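Novice: Let me give you the structure first, and then I'll get to my questions.
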Amino acid sequence: MLEVRGVTKRFGGLTAVSSVDLAVAEGEIVSLIGPNGAGKTTLFAMIAGFLKLNEGDIFLNGNSIAGMKPHQICKFGMVRTFQITQPFAGLTTLQNIMVGAYAHTNDRMQAQQKAEQVADIIGMTSLLGLGADSLTVAGRKRLELARALATNPKLLLLDEVMAGLNPTEIDEIVAVIKGIRDTGVTIFLIEHVMKAVMNLSDRSYVLNDGKLIATGTPAEIAANPVVIEAYLGHGAASEMAGE
Amino acid sequence: MEINRHIILLLVSAAVMLAAPFFITSKFYIDVLTLIFFTAYIGQSWNILGGYAGQFSFGGVMFFGTGAYTSSILLTTFGIPPIIGIVFAIIAGALLGFIVGFMSFRSGLKGSYFALITLAFAELLRVLANSVEFTGGGVGLFLTYAPGLKDLQFKTPTGFYYFALLLMLISIVIALWLERSRFGAQLVAIRENEEAAEALGINTLKCKIYAIMIMGAMGGAAGTFYAQKYLYLDPPIAYSIHLSVEMLLVTIVGGMGTVFGPLIGAFVLHIVNEIARHFIDTPGLSLIVYGVILIVIISYLPNGLIGLFRKRMKKSKPTALDRLISGDKDA
Ligand SMILES: Nc1ncnc2c1ncn2[C@@H]1O[C@H](COP(=O)(O)OP(=O)(O)O)[C@@H](O)[C@H]1O
Ligand SMILES: [Mg+2]
């Protein structure tokens, strides 16, 4: 479904993403992990059309999308969420989600219905009337997910939607993401919460210093010495061993 | 959710304003009201791009001036009556909006950079209008007095009152449409967070260009109105910074991104004007008074005067009447 070939991104002298190849097949939940500053968000930003690539190409369902605008890519069925949440602060939760829903309908009632459906799936129904600026961290993360889902994506790019959540909230959102996958949406996610990565993903890619250093099932990744090496000092190795 | 309340408010105020000339005999007050409607209309044009889409402009007058020159030159040079000329004025305004929007939005201009670019455009057009011949240059254009619908001129102030009222009501309908349409939601999304809007499938460039084209079209019609009312046009009038400021001022004072903000702001501006003029004979003093009001409002009422009503409505539980009017469970 998604294919990334030899993608490179340089910021001045810094190579944030260095000739990365990866693929996500339809129906999968694939995770992208790696230490802070590894280049994960940068890679997502390129996939979603927010950053130009220096080298390489990106294909969605066989068509090159490199150089396309984010709104075009969204229309092709791929949408991203933001690690640093970007709510429409002056609007209510409902209005926020409706903006996503308007991607595929011109009709206000339909958009509202869609938004309410999505809110139900994500578990935000009780928050619909609240201003987006009054949501908690967990609420904002959910709103990112809800808005993106309202655009009817085939492929969702989720950038650390669990960061800053407590264990109960993480369990809830893991269930939500599984539910979304079960409705036929393919999911590619960046995550630091290892328990969730193990629990959710069919496959994982590990990025370190802009380069892919490993790929495989979560169990394979957890046992991979190269990965543990990359995480040493970040305290994640022991966490992974504990799983 | 406030939509139905909006429409009731609109119908009631439209009825009052339609009937007003039958009760107000003073030509002076009819003229003041005409001016209020005109300012509210031009404020609303600014509000669409500035208030709804969040793109502030300091040169909004460029559309007004270009529309005024378009219909006036068509009339004086080609004998085309203003009732047709106004259509060309609208087209010219929209076209100018497209050019300015395309050039600045495509190169990613935002915030104060965009605002200043519009100011530069307006100034450029003023200088241009001064130096070319077909605008009458610095001497200006004199239009002949020929009352009649064909010339969009009227024998009595009441005629212009209704003309301005019509323009103002149309602008309110446009704002109401924005409140309930996808396009309006997209503009607001762009205002609130352009990156997120783009991520969610909104062609932000296209939407912003459409918004400035609507602003331009409205400004174009305003130009024809003005030219046919005052029958004289020169570059300082056509491209006056004063009008650029006035349209953003009334909108900010009344409430940006709201349906009735520009109208409320225009009422306040002209009432302050008249009162100040009564008490002190210093020209420009009313603007100082208005400036103080603006500062107070920006500091204490970021949502404009309309924010006063909004806050109260949110705090108080909806009354039975509210629910009846809005027909909405979560009113
Ligand atoms: N717009 C930018 N300009 C310059 N450097 C950037 C920019 N965005 C990210 N970087 C740098 O690129 C590297 C990768 O960042 P990022 O993709 O955010 O990492 P991750 O999401 O894996 O934590 C970091 O060193 C970061 O400082
Ligand atoms: Mg990141």
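Going by the structure tokens order, chains are called A, B, ..., each with residues numbered from 1, while ligands are numbered from 1 in the order shown.
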Can you pull out every residue within 8 Å of A:Gly210, counting only C-alpha atoms, but drop anything in the same chain fewer than 5 positions away, and send it as a VMD selection string?
Specialist: chain A and resid 15 to 18 20 38 to 40
Novice: Within 9 Å of chain A, which residues of chain B show up when using only C-alpha atoms, listed as a PDB file with N, CA, C and O atoms, in the first residue's frame?
Specialist:
```pdb
ATOM      1  N   ARG B 180     -22.478  28.233   7.889  1.00  0.00           N
ATOM      2  CA  ARG B 180     -23.076  26.907   7.815  1.00  0.00           C
ATOM      3  C   ARG B 180     -22.562  26.063   6.661  1.00  0.00           C
ATOM      4  O   ARG B 180     -23.026  24.949   6.472  1.00  0.00           O
ATOM      5  N   SER B 181     -21.595  26.550   5.910  1.00  0.00           N
ATOM      6  CA  SER B 181     -21.142  25.783   4.748  1.00  0.00           C
ATOM      7  C   SER B 181     -19.777  25.143   4.999  1.00  0.00           C
ATOM      8  O   SER B 181     -19.068  25.495   5.933  1.00  0.00           O
ATOM      9  N   ARG B 182     -19.445  24.207   4.138  1.00  0.00           N
ATOM     10  CA  ARG B 182     -18.129  23.593   4.205  1.00  0.00           C
ATOM     11  C   ARG B 182     -17.037  24.630   3.975  1.00  0.00           C
ATOM     12  O   ARG B 182     -16.029  24.650   4.676  1.00  0.00           O
ATOM     13  N   PHE B 183     -17.271  25.495   2.978  1.00  0.00           N
ATOM     14  CA  PHE B 183     -16.245  26.492   2.673  1.00  0.00           C
ATOM     15  C   PHE B 183     -15.936  27.355   3.901  1.00  0.00           C
ATOM     16  O   PHE B 183     -14.773  27.616   4.217  1.00  0.00           O
ATOM     17  N   ALA B 185     -16.319  26.532   7.032  1.00  0.00           N
ATOM     18  CA  ALA B 185     -15.603  25.709   8.011  1.00  0.00           C
ATOM     19  C   ALA B 185     -14.137  25.587   7.617  1.00  0.00           C
ATOM     20  O   ALA B 185     -13.241  25.589   8.469  1.00  0.00           O
ATOM     21  N   GLN B 186     -13.892  25.514   6.320  1.00  0.00           N
ATOM     22  CA  GLN B 186     -12.509  25.396   5.849  1.00  0.00           C
ATOM     23  C   GLN B 186     -11.726  26.686   6.109  1.00  0.00           C
ATOM     24  O   GLN B 186     -10.569  26.643   6.525  1.00  0.00           O
ATOM     25  N   VAL B 188     -12.307  28.851   8.477  1.00  0.00           N
ATOM     26  CA  VAL B 188     -12.064  28.939   9.916  1.00  0.00           C
ATOM     27  C   VAL B 188     -10.945  27.980  10.323  1.00  0.00           C
ATOM     28  O   VAL B 188     -10.085  28.316  11.143  1.00  0.00           O
ATOM     29  N   ALA B 189     -10.927  26.793   9.727  1.00  0.00           N
ATOM     30  CA  ALA B 189      -9.862  25.833  10.026  1.00  0.00           C
ATOM     31  C   ALA B 189      -8.508  26.422   9.647  1.00  0.00           C
ATOM     32  O   ALA B 189      -7.528  26.297  10.389  1.00  0.00           O
ATOM     33  N   ILE B 190      -8.451  27.099   8.504  1.00  0.00           N
ATOM     34  CA  ILE B 190      -7.201  27.733   8.065  1.00  0.00           C
ATOM     35  C   ILE B 190      -6.779  28.792   9.074  1.00  0.00           C
ATOM     36  O   ILE B 190      -5.613  28.908   9.447  1.00  0.00           O
ATOM     37  N   ARG B 191      -7.756  29.573   9.535  1.00  0.00           N
ATOM     38  CA  ARG B 191      -7.455  30.608  10.524  1.00  0.00           C
ATOM     39  C   ARG B 191      -6.901  29.988  11.810  1.00  0.00           C
ATOM     40  O   ARG B 191      -5.918  30.467  12.374  1.00  0.00           O
ATOM     41  N   GLU B 192      -7.514  28.903  12.260  1.00  0.00           N
ATOM     42  CA  GLU B 192      -7.137  28.321  13.541  1.00  0.00           C
ATOM     43  C   GLU B 192      -5.809  27.567  13.469  1.00  0.00           C
ATOM     44  O   GLU B 192      -5.053  27.557  14.431  1.00  0.00           O
ATOM     45  N   ASN B 193      -5.566  26.881  12.364  1.00  0.00           N
ATOM     46  CA  ASN B 193      -4.308  26.132  12.236  1.00  0.00           C
ATOM     47  C   ASN B 193      -4.143  25.661  10.793  1.00  0.00           C
ATOM     48  O   ASN B 193      -4.712  24.655  10.382  1.00  0.00           O
ATOM     49  N   GLU B 195      -1.661  24.371   9.100  1.00  0.00           N
ATOM     50  CA  GLU B 195      -1.005  23.095   8.841  1.00  0.00           C
ATOM     51  C   GLU B 195      -1.982  21.937   9.044  1.00  0.00           C
ATOM     52  O   GLU B 195      -2.069  21.020   8.218  1.00  0.00           O
ATOM     53  N   ALA B 196      -2.732  22.009  10.148  1.00  0.00           N
ATOM     54  CA  ALA B 196      -3.709  20.952  10.421  1.00  0.00           C
ATOM     55  C   ALA B 196      -4.789  20.953   9.346  1.00  0.00           C
ATOM     56  O   ALA B 196      -5.252  19.901   8.907  1.00  0.00           O
ATOM     57  N   ALA B 197      -5.184  22.136   8.898  1.00  0.00           N
ATOM     58  CA  ALA B 197      -6.204  22.222   7.857  1.00  0.00           C
ATOM     59  C   ALA B 197      -5.740  21.515   6.593  1.00  0.00           C
ATOM     60  O   ALA B 197      -6.466  20.728   5.984  1.00  0.00           O
ATOM     61  N   GLU B 198      -4.500  21.779   6.224  1.00  0.00           N
ATOM     62  CA  GLU B 198      -3.928  21.158   5.021  1.00  0.00           C
ATOM     63  C   GLU B 198      -3.865  19.634   5.200  1.00  0.00           C
ATOM     64  O   GLU B 198      -4.197  18.882   4.284  1.00  0.00           O
ATOM     65  N   ALA B 199      -3.468  19.199   6.392  1.00  0.00           N
ATOM     66  CA  ALA B 199      -3.368  17.757   6.661  1.00  0.00           C
ATOM     67  C   ALA B 199      -4.726  17.083   6.491  1.00  0.00           C
ATOM     68  O   ALA B 199      -4.809  15.931   6.070  1.00  0.00           O
ATOM     69  N   LEU B 200      -5.797  17.807   6.817  1.00  0.00           N
ATOM     70  CA  LEU B 200      -7.129  17.217   6.765  1.00  0.00           C
ATOM     71  C   LEU B 200      -7.788  17.384   5.405  1.00  0.00           C
ATOM     72  O   LEU B 200      -9.002  17.310   5.270  1.00  0.00           O
ATOM     73  N   GLY B 201      -6.977  17.642   4.399  1.00  0.00           N
ATOM     74  CA  GLY B 201      -7.492  17.617   3.036  1.00  0.00           C
ATOM     75  C   GLY B 201      -7.983  18.952   2.506  1.00  0.00           C
ATOM     76  O   GLY B 201      -8.615  19.000   1.459  1.00  0.00           O
ATOM     77  N   ILE B 202      -7.703  20.038   3.224  1.00  0.00           N
ATOM     78  CA  ILE B 202      -8.161  21.339   2.739  1.00  0.00           C
ATOM     79  C   ILE B 202      -7.094  21.955   1.836  1.00  0.00           C
ATOM     80  O   ILE B 202      -5.929  22.082   2.234  1.00  0.00           O
ATOM     81  N   ASN B 203      -7.502  22.313   0.643  1.00  0.00           N
ATOM     82  CA  ASN B 203      -6.606  23.022  -0.266  1.00  0.00           C
ATOM     83  C   ASN B 203      -6.531  24.466   0.219  1.00  0.00           C
ATOM     84  O   ASN B 203      -7.311  25.318  -0.194  1.00  0.00           O
ATOM     85  N   THR B 204      -5.590  24.704   1.119  1.00  0.00           N
ATOM     86  CA  THR B 204      -5.575  25.994   1.812  1.00  0.00           C
ATOM     87  C   THR B 204      -5.312  27.151   0.847  1.00  0.00           C
ATOM     88  O   THR B 204      -5.898  28.220   0.991  1.00  0.00           O
ATOM     89  N   ASP B 330     -28.927  21.430  22.273  1.00  0.00           N
ATOM     90  CA  ASP B 330     -27.771  21.893  23.037  1.00  0.00           C
ATOM     91  C   ASP B 330     -27.544  23.397  22.886  1.00  0.00           C
ATOM     92  O   ASP B 330     -26.442  23.878  22.894  1.00  0.00           O
TER      93      ASP B 330
END
```
Novice: Using only C-alpha atoms and all ligand atoms, find each protein or nucleic acid residue lying at most 12 Å from ligand 2; present the set as a PyMOL selection string.
Specialist: chain A and resi 16+32-45+81-85+158-161+163+189-192+207+210
Novice: Atom CA of B:Gly140 to atom CA of B:Ile214: how many Å, to one decimal?
Specialist: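 Pair atom CA of B:Gly140 / atom CA of B:Ile214 returns 27.5 Å.
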Novice: Stretch 74-87 of chain B: which residues within 7 Å, counting only C-alpha atoms, same-chain residues fewer than 5 positions away excluded, as a JSON list (two decimals) with N, CA and C atoms, in the first residue's frame?
Specialist:
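Once everything was written out, this is selection28.json:
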```json
[["chain", "number", "residue", "atom", "x", "y", "z"],
["B", 150, "LYS", "N", -30.95, 52.92, -13.66],
["B", 150, "LYS", "CA", -29.92, 52.62, -14.65],
["B", 150, "LYS", "C", -28.55, 53.17, -14.22],
["B", 151, "ASP", "N", -28.58, 54.33, -13.59],
["B", 151, "ASP", "CA", -27.34, 54.96, -13.15],
["B", 151, "ASP", "C", -27.04, 54.71, -11.68],
["B", 152, "LEU", "N", -27.87, 53.90, -11.05],
["B", 152, "LEU", "CA", -27.71, 53.63, -9.62],
["B", 152, "LEU", "C", -27.60, 54.93, -8.82],
["B", 221, "ALA", "N", -18.16, 46.23, -5.82],
["B", 221, "ALA", "CA", -19.52, 46.77, -5.81],
["B", 221, "ALA", "C", -19.60, 48.02, -4.94],
["B", 224, "THR", "N", -18.57, 51.12, -6.88],
["B", 224, "THR", "CA", -19.61, 51.69, -7.75],
["B", 224, "THR", "C", -20.63, 52.47, -6.93]]
```
Novice: Just how far from atom CA of A:Thr92 is atom CA of A:Val176, in Å to one decimal?
Specialist: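 Distance reported for this atom pair: 21.6 Å.
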Novice: Run DSSP on the backbone of this structure and report the residues of stretch 2-191 of chain A it assigns to strand (DSSP E), as a PyMOL selection string.
Specialist: chain A and resi 2-11+14-24+29-33+55-60+63-64+78-80+155-159+186-190
Novice: In Å, how far is it from atom CA of A:Leu157 to atom CA of A:Ser201?
Specialist: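 Straight-line distance from atom CA of A:Leu157 to atom CA of A:Ser201 works out to 13.3 Å.
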Novice: Between B:Asn273, B:Thr66, B:Ser244, B:Thr39, which one has atoms that come closest to B:Ile90, using only C-alpha atoms?
Specialist: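 Comparing B:Asn273, B:Thr66, B:Ser244, B:Thr39 against B:Ile90, the winner is B:Thr66.
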Novice: When you count only C-alpha atoms, which of these residues is closest to B:Ala20: B:Tyr161, B:Gly291, B:Phe37, B:Thr118?
Specialist: B:Tyr161
Novice: Might you pull out every residue within 9 Å of B:Leu165, with only C-alpha atoms counted and same-chain residues fewer than 4 positions away left off, and present them as a PyMOL selection string?
Specialist: chain B and resi 14+17-18+33-34+37-38+41+160-161+169-170
Novice: Please, could you write that set of residues out with N, CA, C and O atoms as a JSON list (two decimals), in the first residue's frame?
Specialist:
```json
[["chain", "number", "residue", "atom", "x", "y", "z"],
["B", 14, "ALA", "N", -33.81, 43.21, 9.63],
["B", 14, "ALA", "CA", -34.07, 43.62, 8.24],
["B", 14, "ALA", "C", -35.41, 44.33, 8.16],
["B", 14, "ALA", "O", -35.54, 45.38, 7.51],
["B", 17, "MET", "N", -35.04, 47.77, 9.62],
["B", 17, "MET", "CA", -34.27, 48.68, 8.76],
["B", 17, "MET", "C", -35.02, 49.04, 7.48],
["B", 17, "MET", "O", -34.89, 50.13, 6.96],
["B", 18, "LEU", "N", -35.83, 48.09, 7.00],
["B", 18, "LEU", "CA", -36.64, 48.40, 5.81],
["B", 18, "LEU", "C", -37.68, 49.46, 6.13],
["B", 18, "LEU", "O", -37.98, 50.33, 5.30],
["B", 33, "LEU", "N", -27.30, 56.58, 8.60],
["B", 33, "LEU", "CA", -27.59, 55.14, 8.53],
["B", 33, "LEU", "C", -27.05, 54.54, 7.24],
["B", 33, "LEU", "O", -26.51, 53.42, 7.22],
["B", 34, "THR", "N", -27.17, 55.28, 6.15],
["B", 34, "THR", "CA", -26.63, 54.81, 4.87],
["B", 34, "THR", "C", -25.14, 54.54, 4.99],
["B", 34, "THR", "O", -24.63, 53.51, 4.55],
["B", 37, "PHE", "N", -24.43, 51.42, 7.01],
["B", 37, "PHE", "CA", -24.61, 50.19, 6.23],
["B", 37, "PHE", "C", -23.43, 49.99, 5.27],
["B", 37, "PHE", "O", -22.94, 48.89, 5.09],
["B", 38, "PHE", "N", -23.01, 51.10, 4.65],
["B", 38, "PHE", "CA", -21.88, 51.01, 3.73],
["B", 38, "PHE", "C", -20.64, 50.52, 4.46],
["B", 38, "PHE", "O", -19.94, 49.61, 3.99],
["B", 41, "TYR", "N", -20.93, 46.93, 5.36],
["B", 41, "TYR", "CA", -20.75, 46.09, 4.17],
["B", 41, "TYR", "C", -19.27, 45.91, 3.84],
["B", 41, "TYR", "O", -18.78, 44.79, 3.66],
["B", 160, "PHE", "N", -30.56, 55.87, -1.74],
["B", 160, "PHE", "CA", -29.23, 55.36, -1.40],
["B", 160, "PHE", "C", -29.27, 54.53, -0.12],
["B", 160, "PHE", "O", -28.51, 53.58, 0.05],
["B", 161, "TYR", "N", -30.18, 54.93, 0.77],
["B", 161, "TYR", "CA", -30.34, 54.16, 2.01],
["B", 161, "TYR", "C", -30.68, 52.70, 1.67],
["B", 161, "TYR", "O", -30.06, 51.77, 2.17],
["B", 169, "LEU", "N", -27.25, 43.75, 3.57],
["B", 169, "LEU", "CA", -27.98, 42.50, 3.82],
["B", 169, "LEU", "C", -27.35, 41.35, 3.02],
["B", 169, "LEU", "O", -27.23, 40.23, 3.52],
["B", 170, "ILE", "N", -26.94, 41.64, 1.79],
["B", 170, "ILE", "CA", -26.28, 40.60, 0.99],
["B", 170, "ILE", "C", -25.01, 40.13, 1.71],
["B", 170, "ILE", "O", -24.74, 38.93, 1.80]]
```
Novice: If we count only C-alpha atoms and set the cut-off at 12 Å, which residues sit around A:Ser64, ignoring sequence neighbours fewer than 6 positions away in its own chain? Please answer as a ChimeraX atom specification.
Specialist: /A:1-5,47,49,56-58,73,76
Novice: Emit the selected residues as a CSV table (one decimal), in the first residue's frame, including all heavy atoms.
Specialist:
```csv
chain,number,residue,atom,x,y,z
A,1,MET,N,0.8,-1.2,0.0
A,1,MET,CA,0.0,0.0,0.0
A,1,MET,C,0.9,1.3,0.0
A,1,MET,O,0.8,2.1,-0.9
A,1,MET,CB,-0.9,0.0,1.3
A,1,MET,CG,-1.7,1.2,1.4
A,1,MET,SD,-3.0,0.9,2.6
A,1,MET,CE,-4.4,1.5,1.7
A,2,LEU,N,1.8,1.3,1.0
A,2,LEU,CA,2.7,2.4,1.1
A,2,LEU,C,4.1,1.9,0.9
A,2,LEU,O,4.5,0.9,1.4
A,2,LEU,CB,2.7,3.1,2.5
A,2,LEU,CG,3.7,4.2,2.7
A,2,LEU,CD1,3.4,5.5,1.9
A,2,LEU,CD2,3.8,4.6,4.2
A,3,GLU,N,4.9,2.6,0.0
A,3,GLU,CA,6.2,2.1,-0.2
A,3,GLU,C,7.2,3.4,-0.2
A,3,GLU,O,6.9,4.3,-1.0
A,3,GLU,CB,6.3,1.4,-1.6
A,3,GLU,CG,7.4,0.4,-1.6
A,3,GLU,CD,7.6,-0.2,-3.0
A,3,GLU,OE1,6.6,-0.3,-3.8
A,3,GLU,OE2,8.8,-0.5,-3.3
A,4,VAL,N,8.2,3.3,0.6
A,4,VAL,CA,9.1,4.4,0.7
A,4,VAL,C,10.5,3.8,0.2
A,4,VAL,O,10.9,2.8,0.6
A,4,VAL,CB,9.3,4.8,2.2
A,4,VAL,CG1,10.4,5.8,2.4
A,4,VAL,CG2,8.0,5.4,2.7
A,5,ARG,N,11.0,4.5,-0.8
A,5,ARG,CA,12.2,4.0,-1.5
A,5,ARG,C,13.3,5.1,-1.4
A,5,ARG,O,13.2,6.1,-2.0
A,5,ARG,CB,11.9,3.8,-3.0
A,5,ARG,CG,11.3,2.4,-3.2
A,5,ARG,CD,11.3,2.1,-4.7
A,5,ARG,NE,10.1,1.3,-5.1
A,5,ARG,CZ,9.6,1.4,-6.3
A,5,ARG,NH1,10.1,2.1,-7.2
A,5,ARG,NH2,8.5,0.6,-6.5
A,47,ILE,N,6.3,11.7,4.1
A,47,ILE,CA,5.3,10.8,3.6
A,47,ILE,C,4.0,11.5,3.3
A,47,ILE,O,3.3,11.3,2.3
A,47,ILE,CB,5.1,9.6,4.5
A,47,ILE,CG1,6.4,8.7,4.5
A,47,ILE,CG2,4.0,8.7,4.0
A,47,ILE,CD1,6.4,7.6,5.5
A,49,GLY,N,3.6,14.7,2.8
A,49,GLY,CA,3.7,15.8,1.9
A,49,GLY,C,4.0,17.1,2.5
A,49,GLY,O,3.9,18.2,1.9
A,56,GLY,N,15.0,10.1,-3.3
A,56,GLY,CA,14.1,9.0,-3.1
A,56,GLY,C,12.7,9.2,-3.7
A,56,GLY,O,12.4,10.3,-4.3
A,57,ASP,N,11.8,8.3,-3.4
A,57,ASP,CA,10.4,8.4,-3.9
A,57,ASP,C,9.5,7.7,-3.0
A,57,ASP,O,9.9,6.8,-2.2
A,57,ASP,CB,10.4,7.8,-5.3
A,57,ASP,CG,9.2,8.4,-6.2
A,57,ASP,OD1,8.4,9.1,-5.6
A,57,ASP,OD2,9.2,8.2,-7.4
A,58,ILE,N,8.2,8.1,-3.0
A,58,ILE,CA,7.2,7.5,-2.1
A,58,ILE,C,6.0,7.1,-2.9
A,58,ILE,O,5.6,7.9,-3.8
A,58,ILE,CB,6.8,8.5,-1.0
A,58,ILE,CG1,8.0,8.9,-0.1
A,58,ILE,CG2,5.7,7.9,-0.1
A,58,ILE,CD1,7.8,10.0,0.9
A,73,ILE,N,-2.7,14.4,-0.9
A,73,ILE,CA,-2.4,13.1,-0.3
A,73,ILE,C,-3.6,12.6,0.6
A,73,ILE,O,-3.9,11.4,0.6
A,73,ILE,CB,-1.1,13.1,0.4
A,73,ILE,CG1,0.1,13.3,-0.6
A,73,ILE,CG2,-0.8,11.8,1.3
A,73,ILE,CD1,1.4,13.6,0.0
A,76,PHE,N,-6.2,11.1,-1.4
A,76,PHE,CA,-5.8,9.8,-1.8
A,76,PHE,C,-6.0,8.8,-0.7
A,76,PHE,O,-5.7,7.6,-0.9
A,76,PHE,CB,-4.4,9.7,-2.4
A,76,PHE,CG,-4.3,10.2,-3.8
A,76,PHE,CD1,-3.5,11.3,-4.1
A,76,PHE,CD2,-5.0,9.6,-4.8
A,76,PHE,CE1,-3.4,11.8,-5.4
A,76,PHE,CE2,-4.9,10.1,-6.1
A,76,PHE,CZ,-4.1,11.2,-6.4
```
